[in-house]
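**Student:** Below is the file upload21.pdb, with PDB, N, CA and C atoms and all ligand atoms.
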ATOM      1  N   MET B  11      -6.444 -15.323   0.675
ATOM      2  CA  MET B  11      -6.784 -13.905   0.772
ATOM      3  C   MET B  11      -8.044 -13.642  -0.038
ATOM      4  N   GLU B  12      -9.071 -13.297   0.646
ATOM      5  CA  GLU B  12     -10.377 -13.158   0.019
ATOM      6  C   GLU B  12     -10.390 -12.170  -1.142
ATOM      7  N   ALA B  13      -9.563 -11.131  -1.042
ATOM      8  CA  ALA B  13      -9.594 -10.085  -2.066
ATOM      9  C   ALA B  13      -9.355 -10.641  -3.461
ATOM     10  N   PHE B  14      -8.626 -11.765  -3.551
ATOM     11  CA  PHE B  14      -8.285 -12.283  -4.873
ATOM     12  C   PHE B  14      -8.958 -13.606  -5.188
ATOM     13  N   ASP B  15      -9.953 -13.979  -4.385
ATOM     14  CA  ASP B  15     -10.748 -15.145  -4.750
ATOM     15  C   ASP B  15     -11.401 -14.919  -6.102
ATOM     16  N   LEU B  16     -11.569 -15.980  -6.851
ATOM     17  CA  LEU B  16     -12.237 -15.832  -8.140
ATOM     18  C   LEU B  16     -13.743 -15.738  -7.977
ATOM     19  N   THR B  17     -14.247 -16.298  -6.893
ATOM     20  CA  THR B  17     -15.686 -16.247  -6.650
ATOM     21  C   THR B  17     -16.033 -15.028  -5.820
ATOM     22  N   PRO B  18     -16.965 -14.219  -6.279
ATOM     23  CA  PRO B  18     -17.331 -13.027  -5.501
ATOM     24  C   PRO B  18     -17.920 -13.407  -4.152
ATOM     25  N   PRO B  19     -17.509 -12.758  -3.077
ATOM     26  CA  PRO B  19     -18.139 -12.986  -1.771
ATOM     27  C   PRO B  19     -19.614 -12.575  -1.812
ATOM     28  N   GLU B  20     -20.372 -13.149  -0.925
ATOM     29  CA  GLU B  20     -21.816 -12.907  -0.905
ATOM     30  C   GLU B  20     -22.154 -11.419  -0.824
ATOM     31  N   TRP B  21     -21.373 -10.672  -0.057
ATOM     32  CA  TRP B  21     -21.724  -9.268   0.194
ATOM     33  C   TRP B  21     -21.550  -8.380  -1.042
ATOM     34  N   THR B  22     -20.862  -8.889  -2.062
ATOM     35  CA  THR B  22     -20.692  -8.046  -3.260
ATOM     36  C   THR B  22     -21.986  -7.924  -4.056
ATOM     37  N   LYS B  23     -22.907  -8.850  -3.830
ATOM     38  CA  LYS B  23     -24.142  -8.855  -4.634
ATOM     39  C   LYS B  23     -25.005  -7.627  -4.398
ATOM     40  N   SER B  24     -24.912  -7.065  -3.223
ATOM     41  CA  SER B  24     -25.735  -5.899  -2.911
ATOM     42  C   SER B  24     -24.942  -4.604  -3.030
ATOM     43  N   ALA B  25     -23.740  -4.690  -3.611
ATOM     44  CA  ALA B  25     -22.877  -3.510  -3.683
ATOM     45  C   ALA B  25     -23.463  -2.439  -4.602
ATOM     46  N   ILE B  26     -23.292  -1.209  -4.207
ATOM     47  CA  ILE B  26     -23.766  -0.055  -4.961
ATOM     48  C   ILE B  26     -22.579   0.586  -5.661
ATOM     49  N   HIS B  27     -22.766   0.967  -6.917
ATOM     50  CA  HIS B  27     -21.694   1.630  -7.652
ATOM     51  C   HIS B  27     -21.576   3.091  -7.191
ATOM     52  N   VAL B  28     -20.403   3.467  -6.742
ATOM     53  CA  VAL B  28     -20.178   4.846  -6.313
ATOM     54  C   VAL B  28     -19.061   5.463  -7.156
ATOM     55  N   PHE B  29     -19.017   6.775  -7.171
ATOM     56  CA  PHE B  29     -18.051   7.487  -8.004
ATOM     57  C   PHE B  29     -17.055   8.311  -7.187
ATOM     58  N   ASP B  30     -17.291   8.462  -5.918
ATOM     59  CA  ASP B  30     -16.375   9.265  -5.105
ATOM     60  C   ASP B  30     -15.537   8.422  -4.147
ATOM     61  N   PHE B  31     -15.539   7.109  -4.394
ATOM     62  CA  PHE B  31     -14.656   6.193  -3.694
ATOM     63  C   PHE B  31     -14.744   6.244  -2.169
ATOM     64  N   CYS B  32     -15.971   6.338  -1.679
ATOM     65  CA  CYS B  32     -16.175   6.149  -0.248
ATOM     66  C   CYS B  32     -17.574   5.596  -0.051
ATOM     67  N   CYS B  33     -17.828   5.100   1.147
ATOM     68  CA  CYS B  33     -19.122   4.487   1.426
ATOM     69  C   CYS B  33     -20.246   5.512   1.247
ATOM     70  N   PRO B  34     -21.261   5.182   0.414
ATOM     71  CA  PRO B  34     -22.348   6.139   0.182
ATOM     72  C   PRO B  34     -23.264   6.285   1.393
ATOM     73  N   LYS B  35     -23.141   5.389   2.337
ATOM     74  CA  LYS B  35     -24.033   5.401   3.496
ATOM     75  C   LYS B  35     -23.431   6.186   4.659
ATOM     76  N   CYS B  36     -22.173   5.853   5.000
ATOM     77  CA  CYS B  36     -21.584   6.497   6.174
ATOM     78  C   CYS B  36     -20.370   7.357   5.820
ATOM     79  N   GLY B  37     -19.919   7.310   4.561
ATOM     80  CA  GLY B  37     -18.812   8.163   4.134
ATOM     81  C   GLY B  37     -17.435   7.659   4.489
ATOM     82  N   ALA B  38     -17.348   6.443   5.019
ATOM     83  CA  ALA B  38     -16.033   5.898   5.383
ATOM     84  C   ALA B  38     -15.199   5.653   4.125
ATOM     85  N   ALA B  39     -13.912   5.843   4.244
ATOM     86  CA  ALA B  39     -13.004   5.651   3.113
ATOM     87  C   ALA B  39     -12.758   4.165   2.870
ATOM     88  N   SER B  40     -12.267   3.869   1.676
ATOM     89  CA  SER B  40     -12.005   2.468   1.326
ATOM     90  C   SER B  40     -11.001   1.827   2.273
ATOM     91  N   MET B  41     -10.056   2.651   2.786
ATOM     92  CA  MET B  41      -9.041   2.121   3.696
ATOM     93  C   MET B  41      -9.659   1.624   5.006
ATOM     94  N   GLU B  42     -10.893   2.060   5.281
ATOM     95  CA  GLU B  42     -11.539   1.665   6.533
ATOM     96  C   GLU B  42     -12.488   0.487   6.360
ATOM     97  N   ALA B  43     -12.583  -0.019   5.147
ATOM     98  CA  ALA B  43     -13.515  -1.119   4.896
ATOM     99  C   ALA B  43     -13.087  -2.384   5.628
ATOM    100  N   GLU B  44     -14.054  -3.228   5.921
ATOM    101  CA  GLU B  44     -13.746  -4.465   6.638
ATOM    102  C   GLU B  44     -13.309  -5.568   5.690
ATOM    103  N   ALA B  45     -13.700  -5.459   4.443
ATOM    104  CA  ALA B  45     -13.307  -6.472   3.467
ATOM    105  C   ALA B  45     -13.264  -5.827   2.096
ATOM    106  N   VAL B  46     -12.454  -6.395   1.258
ATOM    107  CA  VAL B  46     -12.351  -5.892  -0.108
ATOM    108  C   VAL B  46     -12.303  -7.087  -1.043
ATOM    109  N   TRP B  47     -12.907  -6.927  -2.209
ATOM    110  CA  TRP B  47     -12.814  -7.971  -3.229
ATOM    111  C   TRP B  47     -12.575  -7.306  -4.570
ATOM    112  N   ILE B  48     -11.558  -7.789  -5.275
ATOM    113  CA  ILE B  48     -11.190  -7.204  -6.551
ATOM    114  C   ILE B  48     -11.624  -8.131  -7.678
ATOM    115  N   ASN B  49     -12.333  -7.598  -8.616
ATOM    116  CA  ASN B  49     -12.746  -8.382  -9.778
ATOM    117  C   ASN B  49     -11.613  -8.391 -10.799
ATOM    118  N   ARG B  50     -10.649  -9.262 -10.565
ATOM    119  CA  ARG B  50      -9.462  -9.288 -11.425
ATOM    120  C   ARG B  50      -9.687 -10.064 -12.701
ATOM    121  N   ARG B  51     -10.794 -10.765 -12.776
ATOM    122  CA  ARG B  51     -11.007 -11.604 -13.947
ATOM    123  C   ARG B  51     -11.323 -10.793 -15.191
ATOM    124  N   SER B  52     -11.932  -9.653 -14.989
ATOM    125  CA  SER B  52     -12.388  -8.911 -16.167
ATOM    126  C   SER B  52     -11.973  -7.448 -16.116
ATOM    127  N   PRO B  53     -10.656  -7.205 -16.227
ATOM    128  CA  PRO B  53     -10.235  -5.803 -16.311
ATOM    129  C   PRO B  53     -10.720  -5.189 -17.619
ATOM    130  N   VAL B  54     -11.007  -3.914 -17.562
ATOM    131  CA  VAL B  54     -11.484  -3.194 -18.728
ATOM    132  C   VAL B  54     -10.368  -2.271 -19.194
ATOM    133  N   TYR B  55     -10.195  -2.180 -20.491
ATOM    134  CA  TYR B  55      -9.163  -1.281 -20.998
ATOM    135  C   TYR B  55      -9.769   0.079 -21.283
ATOM    136  N   THR B  56      -9.138   1.095 -20.735
ATOM    137  CA  THR B  56      -9.630   2.448 -20.947
ATOM    138  C   THR B  56      -9.091   2.992 -22.256
ATOM    139  N   GLU B  57      -9.531   4.175 -22.601
ATOM    140  CA  GLU B  57      -9.096   4.778 -23.857
ATOM    141  C   GLU B  57      -7.588   5.035 -23.886
ATOM    142  N   ASN B  58      -6.965   5.110 -22.709
ATOM    143  CA  ASN B  58      -5.518   5.315 -22.639
ATOM    144  C   ASN B  58      -4.739   4.005 -22.592
ATOM    145  N   ASN B  59      -5.456   2.914 -22.872
ATOM    146  CA  ASN B  59      -4.831   1.595 -22.856
ATOM    147  C   ASN B  59      -4.341   1.207 -21.460
ATOM    148  N   ARG B  60      -5.003   1.766 -20.470
ATOM    149  CA  ARG B  60      -4.696   1.376 -19.098
ATOM    150  C   ARG B  60      -5.833   0.501 -18.619
ATOM    151  N   ARG B  61      -5.522  -0.346 -17.654
ATOM    152  CA  ARG B  61      -6.542  -1.247 -17.157
ATOM    153  C   ARG B  61      -7.279  -0.624 -15.980
ATOM    154  N   LYS B  62      -8.555  -0.929 -15.914
ATOM    155  CA  LYS B  62      -9.305  -0.603 -14.705
ATOM    156  C   LYS B  62     -10.164  -1.807 -14.382
ATOM    157  N   TRP B  63     -10.531  -1.935 -13.139
ATOM    158  CA  TRP B  63     -11.304  -3.093 -12.714
ATOM    159  C   TRP B  63     -12.193  -2.664 -11.563
ATOM    160  N   GLN B  64     -13.148  -3.548 -11.251
ATOM    161  CA  GLN B  64     -14.086  -3.258 -10.166
ATOM    162  C   GLN B  64     -13.451  -3.586  -8.819
ATOM    163  N   GLU B  65     -13.537  -2.646  -7.893
ATOM    164  CA  GLU B  65     -13.087  -2.888  -6.525
ATOM    165  C   GLU B  65     -14.308  -2.838  -5.609
ATOM    166  N   PHE B  66     -14.578  -3.942  -4.940
ATOM    167  CA  PHE B  66     -15.723  -4.036  -4.048
ATOM    168  C   PHE B  66     -15.256  -3.855  -2.601
ATOM    169  N   TYR B  67     -16.011  -3.084  -1.866
ATOM    170  CA  TYR B  67     -15.676  -2.848  -0.458
ATOM    171  C   TYR B  67     -16.874  -3.153   0.424
ATOM    172  N   HIS B  68     -16.614  -3.852   1.500
ATOM    173  CA  HIS B  68     -17.643  -4.121   2.499
ATOM    174  C   HIS B  68     -17.344  -3.241   3.699
ATOM    175  N   CYS B  69     -18.161  -2.230   3.849
ATOM    176  CA  CYS B  69     -17.914  -1.220   4.879
ATOM    177  C   CYS B  69     -18.223  -1.752   6.270
ATOM    178  N   ARG B  70     -17.621  -1.103   7.247
ATOM    179  CA  ARG B  70     -17.878  -1.483   8.637
ATOM    180  C   ARG B  70     -19.334  -1.237   9.040
ATOM    181  N   CYS B  71     -20.062  -0.401   8.272
ATOM    182  CA  CYS B  71     -21.493  -0.188   8.553
ATOM    183  C   CYS B  71     -22.353  -1.253   7.868
ATOM    184  N   HIS B  72     -21.705  -2.259   7.270
ATOM    185  CA  HIS B  72     -22.347  -3.388   6.607
ATOM    186  C   HIS B  72     -22.989  -3.010   5.287
ATOM    187  N   ASN B  73     -22.675  -1.839   4.800
ATOM    188  CA  ASN B  73     -23.081  -1.465   3.460
ATOM    189  C   ASN B  73     -21.979  -1.924   2.501
ATOM    190  N   SER B  74     -22.372  -2.310   1.300
ATOM    191  CA  SER B  74     -21.389  -2.726   0.303
ATOM    192  C   SER B  74     -21.417  -1.776  -0.874
ATOM    193  N   TRP B  75     -20.229  -1.459  -1.382
ATOM    194  CA  TRP B  75     -20.164  -0.573  -2.540
ATOM    195  C   TRP B  75     -18.984  -0.966  -3.416
ATOM    196  N   TRP B  76     -19.034  -0.506  -4.659
ATOM    197  CA  TRP B  76     -17.905  -0.782  -5.546
ATOM    198  C   TRP B  76     -17.636   0.448  -6.396
ATOM    199  N   ALA B  77     -16.424   0.529  -6.881
ATOM    200  CA  ALA B  77     -16.031   1.630  -7.756
ATOM    201  C   ALA B  77     -14.963   1.125  -8.720
ATOM    202  N   TRP B  78     -14.834   1.826  -9.831
ATOM    203  CA  TRP B  78     -13.750   1.513 -10.754
ATOM    204  C   TRP B  78     -12.421   1.913 -10.118
ATOM    205  N   SER B  79     -11.421   1.084 -10.325
ATOM    206  CA  SER B  79     -10.099   1.385  -9.762
ATOM    207  C   SER B  79      -9.578   2.731 -10.260
ATOM    208  N   SER B  80     -10.016   3.114 -11.463
ATOM    209  CA  SER B  80      -9.556   4.395 -12.025
ATOM    210  C   SER B  80     -10.120   5.586 -11.264
ATOM    211  N   ASP B  81     -11.174   5.354 -10.470
ATOM    212  CA  ASP B  81     -11.752   6.442  -9.671
ATOM    213  C   ASP B  81     -11.085   6.560  -8.308
ATOM    214  N   ARG B  82     -10.198   5.609  -7.995
ATOM    215  CA  ARG B  82      -9.521   5.645  -6.696
ATOM    216  C   ARG B  82      -8.562   6.836  -6.633
ATOM    217  N   PRO B  83      -8.563   7.579  -5.552
ATOM    218  CA  PRO B  83      -7.605   8.687  -5.422
ATOM    219  C   PRO B  83      -6.192   8.150  -5.555
ATOM    220  N   PRO B  84      -5.273   8.937  -6.090
ATOM    221  CA  PRO B  84      -3.886   8.472  -6.257
ATOM    222  C   PRO B  84      -3.326   7.958  -4.946
ATOM    223  N   SER B  85      -2.686   6.810  -5.002
ATOM    224  CA  SER B  85      -2.141   6.205  -3.801
ATOM    225  C   SER B  85      -0.863   6.904  -3.381
ATOM    226  N   ARG B  86      -0.756   7.148  -2.091
ATOM    227  CA  ARG B  86       0.489   7.758  -1.625
ATOM    228  C   ARG B  86       1.601   6.726  -1.585
ATOM    229  N   TYR B  87       1.222   5.466  -1.849
ATOM    230  CA  TYR B  87       2.236   4.419  -1.880
ATOM    231  C   TYR B  87       2.732   4.143  -3.287
ATOM    232  N   ALA B  88       2.115   4.818  -4.259
ATOM    233  CA  ALA B  88       2.490   4.542  -5.645
ATOM    234  C   ALA B  88       3.966   4.836  -5.870
ATOM    235  N   ARG B  89       4.602   3.917  -6.569
ATOM    236  CA  ARG B  89       6.034   4.053  -6.776
ATOM    237  C   ARG B  89       6.379   4.667  -8.124
ATOM    238  N   SER B  90       5.401   4.695  -9.023
ATOM    239  CA  SER B  90       5.694   5.194 -10.352
ATOM    240  C   SER B  90       4.436   5.790 -10.953
ATOM    241  N   LYS B  91       4.556   6.270 -12.168
ATOM    242  CA  LYS B  91       3.399   6.827 -12.851
ATOM    243  C   LYS B  91       2.397   5.753 -13.245
ATOM    244  N   LYS B  92       2.843   4.506 -13.251
ATOM    245  CA  LYS B  92       1.937   3.423 -13.615
ATOM    246  C   LYS B  92       1.045   3.075 -12.427
ATOM    247  N   ASP B  93       0.382   4.047 -11.897
ATOM    248  CA  ASP B  93      -0.323   3.824 -10.644
ATOM    249  C   ASP B  93      -1.636   3.066 -10.809
ATOM    250  N   ASN B  94      -1.991   2.717 -12.028
ATOM    251  CA  ASN B  94      -3.198   1.918 -12.205
ATOM    252  C   ASN B  94      -2.887   0.491 -12.621
ATOM    253  N   ASP B  95      -1.646   0.129 -12.568
ATOM    254  CA  ASP B  95      -1.313  -1.224 -12.990
ATOM    255  C   ASP B  95      -1.463  -2.197 -11.826
ATOM    256  N   MET B  96      -1.462  -3.475 -12.158
ATOM    257  CA  MET B  96      -1.712  -4.499 -11.150
ATOM    258  C   MET B  96      -0.650  -4.507 -10.057
ATOM    259  N   SER B  97       0.582  -4.165 -10.415
ATOM    260  CA  SER B  97       1.628  -4.171  -9.404
ATOM    261  C   SER B  97       1.330  -3.146  -8.317
ATOM    262  N   ASP B  98       0.765  -2.026  -8.739
ATOM    263  CA  ASP B  98       0.392  -1.034  -7.750
ATOM    264  C   ASP B  98      -0.784  -1.509  -6.926
ATOM    265  N   LEU B  99      -1.678  -2.268  -7.553
ATOM    266  CA  LEU B  99      -2.824  -2.806  -6.812
ATOM    267  C   LEU B  99      -2.331  -3.694  -5.672
ATOM    268  N   ASP B 100      -1.367  -4.550  -5.989
ATOM    269  CA  ASP B 100      -0.815  -5.412  -4.950
ATOM    270  C   ASP B 100      -0.207  -4.584  -3.821
ATOM    271  N   HIS B 101       0.504  -3.547  -4.210
ATOM    272  CA  HIS B 101       1.141  -2.686  -3.235
ATOM    273  C   HIS B 101       0.094  -1.977  -2.382
ATOM    274  N   TYR B 102      -0.936  -1.512  -3.055
ATOM    275  CA  TYR B 102      -2.026  -0.813  -2.386
ATOM    276  C   TYR B 102      -2.705  -1.724  -1.374
ATOM    277  N   LEU B 103      -3.048  -2.938  -1.813
ATOM    278  CA  LEU B 103      -3.726  -3.867  -0.927
ATOM    279  C   LEU B 103      -2.838  -4.298   0.223
ATOM    280  N   GLY B 104      -1.529  -4.377  -0.048
ATOM    281  CA  GLY B 104      -0.596  -4.757   0.982
ATOM    282  C   GLY B 104      -0.529  -3.729   2.103
ATOM    283  N   ASN B 105      -0.927  -2.505   1.777
ATOM    284  CA  ASN B 105      -0.886  -1.448   2.772
ATOM    285  C   ASN B 105      -2.231  -1.210   3.448
ATOM    286  N   LEU B 106      -3.261  -1.933   2.993
ATOM    287  CA  LEU B 106      -4.561  -1.809   3.633
ATOM    288  C   LEU B 106      -4.538  -2.550   4.968
ATOM    289  N   ASP B 107      -5.180  -1.978   5.928
ATOM    290  CA  ASP B 107      -5.256  -2.602   7.246
ATOM    291  C   ASP B 107      -6.532  -3.412   7.342
ATOM    292  N   LEU B 108      -6.528  -4.556   6.655
ATOM    293  CA  LEU B 108      -7.743  -5.358   6.586
ATOM    294  C   LEU B 108      -7.517  -6.714   7.241
ATOM    295  N   ASP B 109      -8.586  -7.259   7.783
ATOM    296  CA  ASP B 109      -8.527  -8.617   8.318
ATOM    297  C   ASP B 109      -8.933  -9.578   7.222
ATOM    298  N   LEU B 110      -8.038  -9.916   6.363
ATOM    299  CA  LEU B 110      -8.360 -10.795   5.237
ATOM    300  C   LEU B 110      -8.047 -12.245   5.611
TER     301      LEU B 110
HETATM  302 ZN    ZN B 201     -20.307   2.680   5.510
END
Before we go any further, please render this structure as structure tokens.
Ligand SMILES: [Zn+2]
**Tutor:**
Amino acid sequence: MEAFDLTPPEWTKSAIHVFDFCCPKCGAASMEAEAVWINRRSPVYTENNRRKWQEFYHCRCHNSWWAWSSDRPPSRYARSKKDNDMSDLDHYLGNLDLDL
């Protein structure tokens, strides 16, 4: 599953940092991306002692962007208040309709 490869895919190199969690070029949501790559190697601890990490998305318009996981809108699949933990990430990715 490419999303959890340790080596960043080629398309992440041109990714643009966005803050509203959608493609800056065409406005497509992360759920519509063609590929996703999570930088799980270097999670950052926030002031609340919660983890955040970089989520890279390769949009169907061939634009690449990334955002902090903490900027992701709350998942409707979240099972608990710990919605930024890795277990939720797995759940979130499991519900993405991606060709990985
Ligand atoms: Zn796009």
**Student:** Using only N, CA and C atoms for the distances, tell me which of B:Arg51, B:Arg60, B:Lys35, B:His27 is nearest to B:Trp78.
**Tutor:**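 Using only N, CA and C atoms, B:Trp78 sits closest to B:His27.
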**Student:** Distance atom N of B:Lys62-atom N of B:Glu20, one decimal place?
**Tutor:**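 Computing the Euclidean distance for atom N of B:Lys62 and atom N of B:Glu20 yields 22.7 Å.
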**Student:** Measure the distance from atom N of B:Asp30 to atom C of B:Ala13 in Å and round it to one decimal.
**Tutor:**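 If I compute the distance from atom N of B:Asp30 to atom C of B:Ala13, I get 20.8 Å.
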**Student:** Let me have all residues with an atom within 9 Å of ligand ZN 201 (chain B), counting only C-alpha atoms and all ligand atoms, laid out as a PDB file with N, CA and C atoms, keeping the file's coordinate frame.
**Tutor:**
ATOM      1  N   CYS B  32     -15.971   6.338  -1.679  1.00  0.00           N
ATOM      2  CA  CYS B  32     -16.175   6.149  -0.248  1.00  0.00           C
ATOM      3  C   CYS B  32     -17.574   5.596  -0.051  1.00  0.00           C
ATOM      4  N   CYS B  33     -17.828   5.100   1.147  1.00  0.00           N
ATOM      5  CA  CYS B  33     -19.122   4.487   1.426  1.00  0.00           C
ATOM      6  C   CYS B  33     -20.246   5.512   1.247  1.00  0.00           C
ATOM      7  N   PRO B  34     -21.261   5.182   0.414  1.00  0.00           N
ATOM      8  CA  PRO B  34     -22.348   6.139   0.182  1.00  0.00           C
ATOM      9  C   PRO B  34     -23.264   6.285   1.393  1.00  0.00           C
ATOM     10  N   LYS B  35     -23.141   5.389   2.337  1.00  0.00           N
ATOM     11  CA  LYS B  35     -24.033   5.401   3.496  1.00  0.00           C
ATOM     12  C   LYS B  35     -23.431   6.186   4.659  1.00  0.00           C
ATOM     13  N   CYS B  36     -22.173   5.853   5.000  1.00  0.00           N
ATOM     14  CA  CYS B  36     -21.584   6.497   6.174  1.00  0.00           C
ATOM     15  C   CYS B  36     -20.370   7.357   5.820  1.00  0.00           C
ATOM     16  N   GLY B  37     -19.919   7.310   4.561  1.00  0.00           N
ATOM     17  CA  GLY B  37     -18.812   8.163   4.134  1.00  0.00           C
ATOM     18  C   GLY B  37     -17.435   7.659   4.489  1.00  0.00           C
ATOM     19  N   ALA B  38     -17.348   6.443   5.019  1.00  0.00           N
ATOM     20  CA  ALA B  38     -16.033   5.898   5.383  1.00  0.00           C
ATOM     21  C   ALA B  38     -15.199   5.653   4.125  1.00  0.00           C
ATOM     22  N   ALA B  39     -13.912   5.843   4.244  1.00  0.00           N
ATOM     23  CA  ALA B  39     -13.004   5.651   3.113  1.00  0.00           C
ATOM     24  C   ALA B  39     -12.758   4.165   2.870  1.00  0.00           C
ATOM     25  N   GLU B  42     -10.893   2.060   5.281  1.00  0.00           N
ATOM     26  CA  GLU B  42     -11.539   1.665   6.533  1.00  0.00           C
ATOM     27  C   GLU B  42     -12.488   0.487   6.360  1.00  0.00           C
ATOM     28  N   ALA B  43     -12.583  -0.019   5.147  1.00  0.00           N
ATOM     29  CA  ALA B  43     -13.515  -1.119   4.896  1.00  0.00           C
ATOM     30  C   ALA B  43     -13.087  -2.384   5.628  1.00  0.00           C
ATOM     31  N   HIS B  68     -16.614  -3.852   1.500  1.00  0.00           N
ATOM     32  CA  HIS B  68     -17.643  -4.121   2.499  1.00  0.00           C
ATOM     33  C   HIS B  68     -17.344  -3.241   3.699  1.00  0.00           C
ATOM     34  N   CYS B  69     -18.161  -2.230   3.849  1.00  0.00           N
ATOM     35  CA  CYS B  69     -17.914  -1.220   4.879  1.00  0.00           C
ATOM     36  C   CYS B  69     -18.223  -1.752   6.270  1.00  0.00           C
ATOM     37  N   ARG B  70     -17.621  -1.103   7.247  1.00  0.00           N
ATOM     38  CA  ARG B  70     -17.878  -1.483   8.637  1.00  0.00           C
ATOM     39  C   ARG B  70     -19.334  -1.237   9.040  1.00  0.00           C
ATOM     40  N   CYS B  71     -20.062  -0.401   8.272  1.00  0.00           N
ATOM     41  CA  CYS B  71     -21.493  -0.188   8.553  1.00  0.00           C
ATOM     42  C   CYS B  71     -22.353  -1.253   7.868  1.00  0.00           C
ATOM     43  N   HIS B  72     -21.705  -2.259   7.270  1.00  0.00           N
ATOM     44  CA  HIS B  72     -22.347  -3.388   6.607  1.00  0.00           C
ATOM     45  C   HIS B  72     -22.989  -3.010   5.287  1.00  0.00           C
ATOM     46  N   ASN B  73     -22.675  -1.839   4.800  1.00  0.00           N
ATOM     47  CA  ASN B  73     -23.081  -1.465   3.460  1.00  0.00           C
ATOM     48  C   ASN B  73     -21.979  -1.924   2.501  1.00  0.00           C
ATOM     49  N   SER B  74     -22.372  -2.310   1.300  1.00  0.00           N
ATOM     50  CA  SER B  74     -21.389  -2.726   0.303  1.00  0.00           C
ATOM     51  C   SER B  74     -21.417  -1.776  -0.874  1.00  0.00           C
ATOM     52  N   TRP B  75     -20.229  -1.459  -1.382  1.00  0.00           N
ATOM     53  CA  TRP B  75     -20.164  -0.573  -2.540  1.00  0.00           C
ATOM     54  C   TRP B  75     -18.984  -0.966  -3.416  1.00  0.00           C
TER      55      TRP B  75
END
**Student:** What is the atom CA of B:Asn58-atom CA of B:Ala25 distance in Å, reported with one decimal?
**Tutor:**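 Rounded to one decimal, the two atoms are 27.2 Å apart.
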**Student:** Let me make sure I understand: among B:Pro84, B:Pro53, B:Trp76, B:Asn59, which one has the smallest atom-to-atom distance to B:Val28 if we use only C-alpha atoms?
**Tutor:**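 Looking only at the distances to B:Val28, the closest residue turns out to be B:Trp76.
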**Student:** Of the residues B:Glu12, B:Ser80, B:Pro18, B:Trp63, which is the one nearest to B:Val46, using only N, CA and C atoms?
**Tutor:**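 Distance minimum relative to B:Val46 lands on B:Glu12.
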**Student:** Go through B:Thr56, B:Arg50, B:Ser79, B:Tyr67 one by one, measure the shortest atom-to-atom distance of each to B:Thr22 using all atoms listed in the file, and give the residue with the smallest value.
**Tutor:**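 Checking each candidate against B:Thr22, we get B:Tyr67 as the closest.
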**Student:** As a ChimeraX atom specification, please: all residues of stretch 14-103 of chain B that backbone DSSP puts in alpha helix (DSSP H).
**Tutor:** /B:96-103
**Student:** So which bits of stretch 46-75 of chain B end up strand (DSSP E or B) when you DSSP the backbone, as a PyMOL selection string?
**Tutor:** chain B and resi 46-48+54-55+61-62+64-68+74-75
**Student:** Just the residues within 12 Å of B:Leu16, please, counting only C-alpha atoms, with nothing from its chain fewer than 5 positions along; format it as a PyMOL selection string.
**Tutor:** chain B and resi 11+47-52
**Student:** Where's the centre, and what are the edge lengths in Å to one decimal, of a box along x, y and z enclosing all listed atoms of stretch 36-45 of chain B padded 3 Å per side, as lines of an AutoDock Vina configuration file?
**Tutor:**
center_x = -15.6
center_y = 0.8
center_z = 4.0
size_x = 19.1
size_y = 20.6
size_z = 11.3
